[in-house]
Amino acid sequence: MNDLQIIREKINPLRVLIVDDEDAILEGMISFMQKFCGHVDGAKNGEIALKMVQEQEPYDIVMTDVRMPKMTGWELARELKNRDQEIFVAVMTGSPEMDGIRSEDCDIYMAKPIDIDKMKLMLEALIEKKGL
Amino acid sequence: MIKNLFKFTSLSFRAQLIYGIGFFLTFLIFIFIYIETSNNNTSTRKREMTQAADSSLVFASMVKTWMMSNDYVGLEEALDNFSMYDDLIFAAVISMDGKVIAHTDRSLLGEYVADKERILFLKQAHKKQDTKVKILQYRDYIDIFKVIHNNDQHIGMIHLRFDQQQAAHEIAMRIYEGVGFGLLYLLATFVVLYLIVNTFTRRLSSLFETIRQVHKGDKEVRAVEDGTGELNILSHEFNLMLDAITLGEKVLQKTKEQLDYAVKGTRDGLWDWDVDTDTIYFSPRFKEIMGYEDNEFPNSLKAWEASIHPDDMAKVTQAIELSHSKPGIFYESIHRILKKDGNWIWVMDRAQTIFNEEGKAVRMVGFYTDITKQKQLEQELLEQEEMMIAQSRHVAMGEMIGMIAHQWRQPITVIAMGANNMLADIALEDVHIENFKHESQQILKQTEYLSKTIDDFRTFFRPNKEKDEIKVIDIFNEARQIMGKSLENHNIELTFVDNSNETLLTYSRELLQVVLNLLKNAKEALEARNTKDPYINVTIENLTESIVFTVCDNGGGIDKAILERIFEPYFSTKDDKTGTGLGLYMSKTIIEKHLHGTIRASNDEKGACFTIVLPRIFNGESTNE
């Protein structure tokens with residue numbers, strides 16, 4: 001088994017929520033994560049994402065875009081972290097602006113465009129945090 | 001004679017009066033004298049003759065007595081007594097056979113008569129035809145014949161000769177007196193006439209003298225006015241006339257001066273074309289504009305025509321013909337003319353056409369204005385403008401690259417995502433052909449989109465030389481393609497309300513530049529003011545000859561204090577990084593100068609509105625070539 005196959009073994013039972021206002025990206029991210037995890041959901045914006053987190057079974061991983069209408073990715077990440085320190089939050093950003101961002105606001109942030117190596121790094125960090 | 005008569009009429013009024021009246025009076029007096037004298041002469045002669053006839057009767061009766069008594073001595077005595085008459089030259093008694101029987105001159109006694117008159121008288125006496133006195137009057141003497149008869153018997157005749165010289169002398173004296181008197185009268189008449197006429201014509205002469213002086217150029221002199229009468233009225237009227245003429249001349253002079261100053265002041269060159277005779281006058285300044293001295297450029301139409309640039313000739317001819325077509329159309333033309341030094345200069349040529357009563361153009365008077373400097377300035381301004389347009393294009397290009405960066409991020413992410421998915425499938429050894437196909441299609445779709453935005457970018461910066469027919473809404477759709485993403489990123493809602501279905505013939509790329517600039521400004525205002533629920537609203541409407549569209553935002557509007565200045569070049573409210581101050585200035589330049597429309601900024605209750613009106617078709621040429 002190669003590295004990715006091992007990762008898939010470890011994280012397969014985890015629940016994933018992906019937040020992005022761009023349909024094409026949301027779709028792409030969902031199909032990528034579906035290769036690793038059994039349950040992957042998508043949300044068009046931060047508000048929907050928060051609602052889904054509250055109403056449904058808690059998610060293990062939330063991956064969010066930064067620039068979105070109504071609520072930015074960073075706001076969402078901060079809100080999620082405030083509620084549950086255990087949740088793994090990954091922020092994907094297209095801009096290099098990091099003003100006012102604290103390290104505790106998220107578990108990892110990734111600069112777009114996201115490639116497979118960056119995803120691998122993220123998943124490894126996830127495994128480490130979850131102690132899998 | 002006729003010549004002299006003409007001379008008379010050409011004489012002065014005074015001389016005519018004097019000669020006319022003088023000669024007429026003289027003529028009358030001479031007739032009078034002639035009649036008087038000849039009457040006198042006739043009566044003198046009559047008296048002489050009567051005297052002579054009476055004497056002959058007395059003498060005859062005396063002679064008869066002596067003859068009857070045959071007393072020849074007594075006859076001689078009687079003759080002697082008779083010869084005491086002053087005027088008697090001689091007295092003779094002649095017998096019927098023609099023999100002188102008694103004579104005051106004794107030497108002639110016994111002679112027979114031989115002269116015609118006496119023989120004729122004797123013959124008549126023989127026939128007893130005439131017994132009366134026969135008187136023959138000559139210049140110097142009078143002959144008197146008288147038959148002496150006793151009962152019915154003719155016994156002889158007498159012949160008396162009286163001297164006439166005394167009478168003739170008297171008559172001559174009388175004629176001399178008449179002539180002398182006539183001459184004296186003539187002299188007196190002329191003297192008196194001269195005095196009268198002189199008094200009469202003195203005023204007239206003074207008037208003549210005044211007129212002569214006026215004629216010589218003295219406009220201040222006036223005729224003497226004194227007393228009353230027709231001449232005084234004439235003088236007065238003449239003075240009034242002079243006043244009016246002087247005033248008129250002054251006004252004319254002033255008008256001429258004003259015109260001269262005006263013409264000199266404008267530095268314009270005057271020309272005056274008599275269309276009928278086809279002659280033309282050019283003022284010295286006119287020639288100076290062309291670089292000629294007054295005597296170097298002929299006053300001829302041909303020279304004028306030759307100086308006009310061949311490319312402008314048709315335009316000039318057309319303008320002249322138009323102004324000749326009917327009154328009220330002024331001729332105006334801006335064209336090039338050839339200077340003496342071979343350079344072309346620009347002139348503005350303006351003229352008025354003068355028509356005769358039949359409505360035919362007969363004259364044109366106009367001015368040349370040298371506008372070469374203005375033309376140069378215009379050209380420089382144009383070049384400056386071109387430079388600014390180029391500058392603004394570079395700015396727009398930079399802005400566009402920023403917009404494209406936003407626009408491209410998404411497709412690039414999607415492409416990367418697709419590749420990632422396929423790589424992940426390979427790594428997980430979970431390859432499905434269907435998945436690969438789907439991902440590849442997604443990638444192709446995105447690259448198509450990228451390629452299109454590149455095309456947009458390229459067309460935007462390709463200057464369009466030809467006008468194209470487009471709909472305004474298409475320009476806005478293009479703008480949305482280019483900057484939609486960056487608006488979305490700021491949650492700005494861009495809506496179009498298109499009530500126009502009409503197309504527009506215009507330079508679409510330039511219009512796109514303006515539209516992008518307006519959308520960008522609205523976006524920046526909304527962003528800077530952090531407006532809640534920001535939007536940009538575009539409405540497009542039809543007008544009869546044009547299309548009007550407005551771009552409104554809800555960003556709070558433009559500060560009233562600067563509303564007037566926003567179209568000025570290098571005027572910006574933004575910091576140096578974001579604002580060049582050229583955007584709106586260039587928008588205005590493009591709309592007004594290139595697209596022949598108008599652009600206006602205003603505020604509504606929510607924010608700023610830009611209104612642009614464009615003619616649906618315009619024939620103007622873009623200067624951006």
# chains A, B, ... in the order shown; residues from 1 in each chain; ligands from 1
$ select_by_dssp --residues "range 353-566 of chain B" --states "alpha helix (DSSP H)" --output "PyMOL selection string"
chain B and resi 372-427+433-461+472-489+508-528+560-563
$ residues_around --residues "Gln164 in chain B" --least-positions-apart "5" --cutoff "8 Å" --atoms "only C-alpha atoms" --output "number ranges by chain"
B: 87, 139-142
$ interface_residues --of "chain B" --to "chain A" --cutoff "12 Å" --atoms "only C-alpha atoms" --output "ChimeraX atom specification"
/B:405-406,408-432,435,438-439,442-443,445-446,485-493,532-534
$ write_last_selection --atoms "C-alpha atoms" --output "PDB file, in the first residue's frame"
ATOM      1  CA  ALA B 405      -6.325  37.746 -12.326  1.00  0.00           C
ATOM      2  CA  HIS B 406      -9.591  37.486 -10.409  1.00  0.00           C
ATOM      3  CA  TRP B 408      -8.756  33.366 -13.934  1.00  0.00           C
ATOM      4  CA  ARG B 409      -8.323  32.193 -10.367  1.00  0.00           C
ATOM      5  CA  GLN B 410     -11.474  30.115 -10.455  1.00  0.00           C
ATOM      6  CA  PRO B 411     -10.908  28.251 -13.715  1.00  0.00           C
ATOM      7  CA  ILE B 412      -7.304  27.654 -12.774  1.00  0.00           C
ATOM      8  CA  THR B 413      -8.417  26.201  -9.443  1.00  0.00           C
ATOM      9  CA  VAL B 414     -10.937  24.005 -11.204  1.00  0.00           C
ATOM     10  CA  ILE B 415      -8.300  22.778 -13.651  1.00  0.00           C
ATOM     11  CA  ALA B 416      -5.884  22.056 -10.829  1.00  0.00           C
ATOM     12  CA  MET B 417      -8.641  20.268  -8.995  1.00  0.00           C
ATOM     13  CA  GLY B 418      -9.344  18.017 -11.953  1.00  0.00           C
ATOM     14  CA  ALA B 419      -5.683  17.135 -12.277  1.00  0.00           C
ATOM     15  CA  ASN B 420      -5.505  16.512  -8.549  1.00  0.00           C
ATOM     16  CA  ASN B 421      -8.468  14.179  -8.704  1.00  0.00           C
ATOM     17  CA  MET B 422      -6.967  12.156 -11.500  1.00  0.00           C
ATOM     18  CA  LEU B 423      -3.582  11.972  -9.757  1.00  0.00           C
ATOM     19  CA  ALA B 424      -5.314  10.899  -6.558  1.00  0.00           C
ATOM     20  CA  ASP B 425      -7.191   8.154  -8.414  1.00  0.00           C
ATOM     21  CA  ILE B 426      -3.923   6.909  -9.858  1.00  0.00           C
ATOM     22  CA  ALA B 427      -2.224   7.009  -6.467  1.00  0.00           C
ATOM     23  CA  LEU B 428      -5.121   5.206  -4.849  1.00  0.00           C
ATOM     24  CA  GLU B 429      -5.077   2.715  -7.733  1.00  0.00           C
ATOM     25  CA  ASP B 430      -8.740   3.419  -8.190  1.00  0.00           C
ATOM     26  CA  VAL B 431      -8.811   4.458 -11.817  1.00  0.00           C
ATOM     27  CA  HIS B 432     -12.166   4.754 -13.535  1.00  0.00           C
ATOM     28  CA  ASN B 435     -14.084   9.749 -13.877  1.00  0.00           C
ATOM     29  CA  HIS B 438     -15.417  13.784 -16.697  1.00  0.00           C
ATOM     30  CA  GLU B 439     -12.384  15.528 -15.238  1.00  0.00           C
ATOM     31  CA  GLN B 442     -14.104  19.937 -16.967  1.00  0.00           C
ATOM     32  CA  ILE B 443     -10.514  20.980 -17.714  1.00  0.00           C
ATOM     33  CA  LYS B 445     -14.340  23.713 -20.431  1.00  0.00           C
ATOM     34  CA  GLN B 446     -12.220  25.864 -18.173  1.00  0.00           C
ATOM     35  CA  LYS B 485     -15.687  38.240 -10.844  1.00  0.00           C
ATOM     36  CA  SER B 486     -14.111  41.182  -9.121  1.00  0.00           C
ATOM     37  CA  LEU B 487     -17.600  42.644  -8.542  1.00  0.00           C
ATOM     38  CA  GLU B 488     -18.793  39.326  -7.150  1.00  0.00           C
ATOM     39  CA  ASN B 489     -15.814  39.232  -4.834  1.00  0.00           C
ATOM     40  CA  HIS B 490     -17.117  42.427  -3.298  1.00  0.00           C
ATOM     41  CA  ASN B 491     -20.694  41.105  -3.316  1.00  0.00           C
ATOM     42  CA  ILE B 492     -21.654  43.878  -5.717  1.00  0.00           C
ATOM     43  CA  GLU B 493     -24.791  43.107  -7.629  1.00  0.00           C
ATOM     44  CA  LYS B 532     -24.412  47.444   2.625  1.00  0.00           C
ATOM     45  CA  ASP B 533     -25.984  45.416  -0.184  1.00  0.00           C
ATOM     46  CA  PRO B 534     -24.009  47.211  -2.847  1.00  0.00           C
TER      47      PRO B 534
END
$ residues_around --residues "range 474-483 of chain B" --least-positions-apart "3" --cutoff "8 Å" --atoms "only C-alpha atoms" --output "list in words"
Met400, Met403, Ile404, Gln407, Thr453, Asp456, Ile470, Lys471, Ser486, Leu487, Ser508, Leu511, Leu512, Val515 and Leu516 of chain B
$ select_by_dssp --residues "range 355-437 of chain B" --states "strand (DSSP E or B)" --output "ChimeraX atom specification"
/B:355,361-370
$ residues_around --residues "Val62 in chain A" --least-positions-apart "3" --cutoff "8 Å" --atoms "only C-alpha atoms" --output "PyMOL selection string"
chain A and resi 16-19+59+87-90
$ write_last_selection --atoms "N, CA, C and O atoms" --output "mmCIF file, in the first residue's frame"
data_model
loop_
_atom_site.group_PDB
_atom_site.id
_atom_site.type_symbol
_atom_site.label_atom_id
_atom_site.label_comp_id
_atom_site.auth_asym_id
_atom_site.auth_seq_id
_atom_site.Cartn_x
_atom_site.Cartn_y
_atom_site.Cartn_z
ATOM 1 N N VAL A 16 -16.786 14.864 6.597
ATOM 2 C CA VAL A 16 -16.149 16.066 6.017
ATOM 3 C C VAL A 16 -17.218 17.077 5.533
ATOM 4 O O VAL A 16 -18.216 16.669 4.933
ATOM 5 N N LEU A 17 -16.964 18.389 5.837
ATOM 6 C CA LEU A 17 -17.827 19.460 5.279
ATOM 7 C C LEU A 17 -16.939 20.438 4.489
ATOM 8 O O LEU A 17 -15.947 20.934 5.008
ATOM 9 N N ILE A 18 -17.324 20.670 3.234
ATOM 10 C CA ILE A 18 -16.541 21.587 2.389
ATOM 11 C C ILE A 18 -17.391 22.834 2.097
ATOM 12 O O ILE A 18 -18.579 22.725 1.748
ATOM 13 N N VAL A 19 -16.779 24.013 2.314
ATOM 14 C CA VAL A 19 -17.516 25.281 2.123
ATOM 15 C C VAL A 19 -16.846 26.100 0.996
ATOM 16 O O VAL A 19 -15.668 26.442 1.098
ATOM 17 N N TYR A 59 -19.109 17.337 12.449
ATOM 18 C CA TYR A 59 -18.131 17.020 11.394
ATOM 19 C C TYR A 59 -16.743 16.946 12.001
ATOM 20 O O TYR A 59 -16.431 17.665 12.945
ATOM 21 N N ILE A 87 -12.488 20.197 16.471
ATOM 22 C CA ILE A 87 -12.780 20.155 15.025
ATOM 23 C C ILE A 87 -11.539 20.595 14.244
ATOM 24 O O ILE A 87 -10.814 21.506 14.637
ATOM 25 N N PHE A 88 -11.287 19.864 13.144
ATOM 26 C CA PHE A 88 -10.120 20.201 12.296
ATOM 27 C C PHE A 88 -10.578 21.163 11.192
ATOM 28 O O PHE A 88 -11.464 20.840 10.403
ATOM 29 N N VAL A 89 -9.968 22.354 11.214
ATOM 30 C CA VAL A 89 -10.383 23.350 10.225
ATOM 31 C C VAL A 89 -9.224 23.659 9.270
ATOM 32 O O VAL A 89 -8.141 24.020 9.717
ATOM 33 N N ALA A 90 -9.506 23.508 7.981
ATOM 34 C CA ALA A 90 -8.497 23.851 6.957
ATOM 35 C C ALA A 90 -9.032 25.041 6.137
ATOM 36 O O ALA A 90 -10.181 25.012 5.703
#
$ residues_around --residues "Thr550 in chain B" --least-positions-apart "3" --cutoff "10 Å" --atoms "only C-alpha atoms" --output "PyMOL selection string"
chain B and resi 497+537-541+553+599-601+609-613
$ write_last_selection --atoms "N, CA, C and O atoms" --output "compact mmCIF listing (two decimals), in the first residue's frame"
# COMPACT_ATOMS: atom_id res chain seq x y z
N VAL B 497 -31.00 46.75 -17.05
CA VAL B 497 -32.39 46.87 -17.52
C VAL B 497 -32.30 47.42 -18.95
O VAL B 497 -31.92 48.58 -19.15
N ASN B 537 -26.53 49.61 -11.09
CA ASN B 537 -27.70 49.42 -11.93
C ASN B 537 -27.50 50.12 -13.27
O ASN B 537 -27.21 51.30 -13.31
N VAL B 538 -27.68 49.35 -14.34
CA VAL B 538 -27.52 49.94 -15.68
C VAL B 538 -28.87 49.93 -16.39
O VAL B 538 -29.54 48.91 -16.42
N THR B 539 -29.28 51.10 -16.91
CA THR B 539 -30.53 51.14 -17.70
C THR B 539 -30.19 51.67 -19.09
O THR B 539 -29.44 52.64 -19.22
N ILE B 540 -30.78 51.06 -20.08
CA ILE B 540 -30.54 51.50 -21.46
C ILE B 540 -31.88 51.84 -22.09
O ILE B 540 -32.82 51.04 -22.02
N GLU B 541 -31.98 53.05 -22.65
CA GLU B 541 -33.25 53.50 -23.24
C GLU B 541 -33.03 54.03 -24.65
O GLU B 541 -31.95 54.51 -24.98
N ASP B 553 -25.06 53.72 -8.95
CA ASP B 553 -24.70 52.84 -7.83
C ASP B 553 -25.39 53.36 -6.57
O ASP B 553 -26.03 54.41 -6.59
N ILE B 599 -21.66 63.07 -21.84
CA ILE B 599 -21.60 62.34 -20.58
C ILE B 599 -21.82 63.33 -19.46
O ILE B 599 -21.34 64.46 -19.52
N ARG B 600 -22.61 62.90 -18.46
CA ARG B 600 -23.01 63.81 -17.39
C ARG B 600 -23.03 63.02 -16.09
O ARG B 600 -23.45 61.86 -16.06
N ALA B 601 -22.60 63.66 -15.01
CA ALA B 601 -22.62 63.00 -13.71
C ALA B 601 -23.64 63.69 -12.82
O ALA B 601 -23.79 64.90 -12.88
N CYS B 609 -24.86 58.75 -10.42
CA CYS B 609 -25.37 58.27 -11.69
C CYS B 609 -24.58 58.92 -12.82
O CYS B 609 -24.40 60.14 -12.82
N PHE B 610 -24.16 58.13 -13.78
CA PHE B 610 -23.52 58.67 -14.98
C PHE B 610 -24.45 58.41 -16.16
O PHE B 610 -24.89 57.28 -16.36
N THR B 611 -24.77 59.50 -16.89
CA THR B 611 -25.68 59.36 -18.02
C THR B 611 -24.91 59.63 -19.30
O THR B 611 -24.25 60.67 -19.42
N ILE B 612 -25.02 58.72 -20.23
CA ILE B 612 -24.32 58.88 -21.51
C ILE B 612 -25.35 58.85 -22.64
O ILE B 612 -26.22 57.98 -22.65
N VAL B 613 -25.26 59.83 -23.51
CA VAL B 613 -26.14 59.86 -24.68
C VAL B 613 -25.27 59.71 -25.92
O VAL B 613 -24.31 60.45 -26.10
$ closest_residue --among "B:Ile547, B:Met364, B:Val93, B:Leu584" --to "Glu568 in chain B" --atoms "only C-alpha atoms"
B:Leu584
$ atom_distance --atom1 "CA of Ile30 in chain A" --atom2 "CA of Asn82 in chain A"
25.2 Å
$ residues_around --residues "Val113 in chain B" --least-positions-apart "4" --cutoff "9 Å" --atoms "only C-alpha atoms" --output "PDB file with C-alpha atoms, in the first residue's frame"
ATOM      1  CA  ILE B  94     -35.315 180.474-122.866  1.00  0.00           C
ATOM      2  CA  GLY B  98     -34.327 176.957-127.415  1.00  0.00           C
ATOM      3  CA  LYS B  99     -32.353 180.210-127.468  1.00  0.00           C
ATOM      4  CA  VAL B 100     -31.190 181.708-124.179  1.00  0.00           C
ATOM      5  CA  ARG B 118     -34.560 171.384-121.205  1.00  0.00           C
ATOM      6  CA  ILE B 119     -35.074 169.967-124.721  1.00  0.00           C
TER       7      ILE B 119
END
$ residues_around --residues "Gly73 in chain A" --least-positions-apart "4" --cutoff "8 Å" --atoms "only C-alpha atoms" --output "list in words"
Gly46, Thr64, Asp65, Val66, Arg67, Met68, Ala77 and Val91 of chain A
$ atom_distance --atom1 "CA of Ser95 in chain A" --atom2 "CA of Lys44 in chain A"
19.4 Å
$ closest_residue --among "A:Met52, A:Met98, A:Met110, A:Leu14" --to "His39 in chain A" --atoms "only C-alpha atoms"
A:Leu14
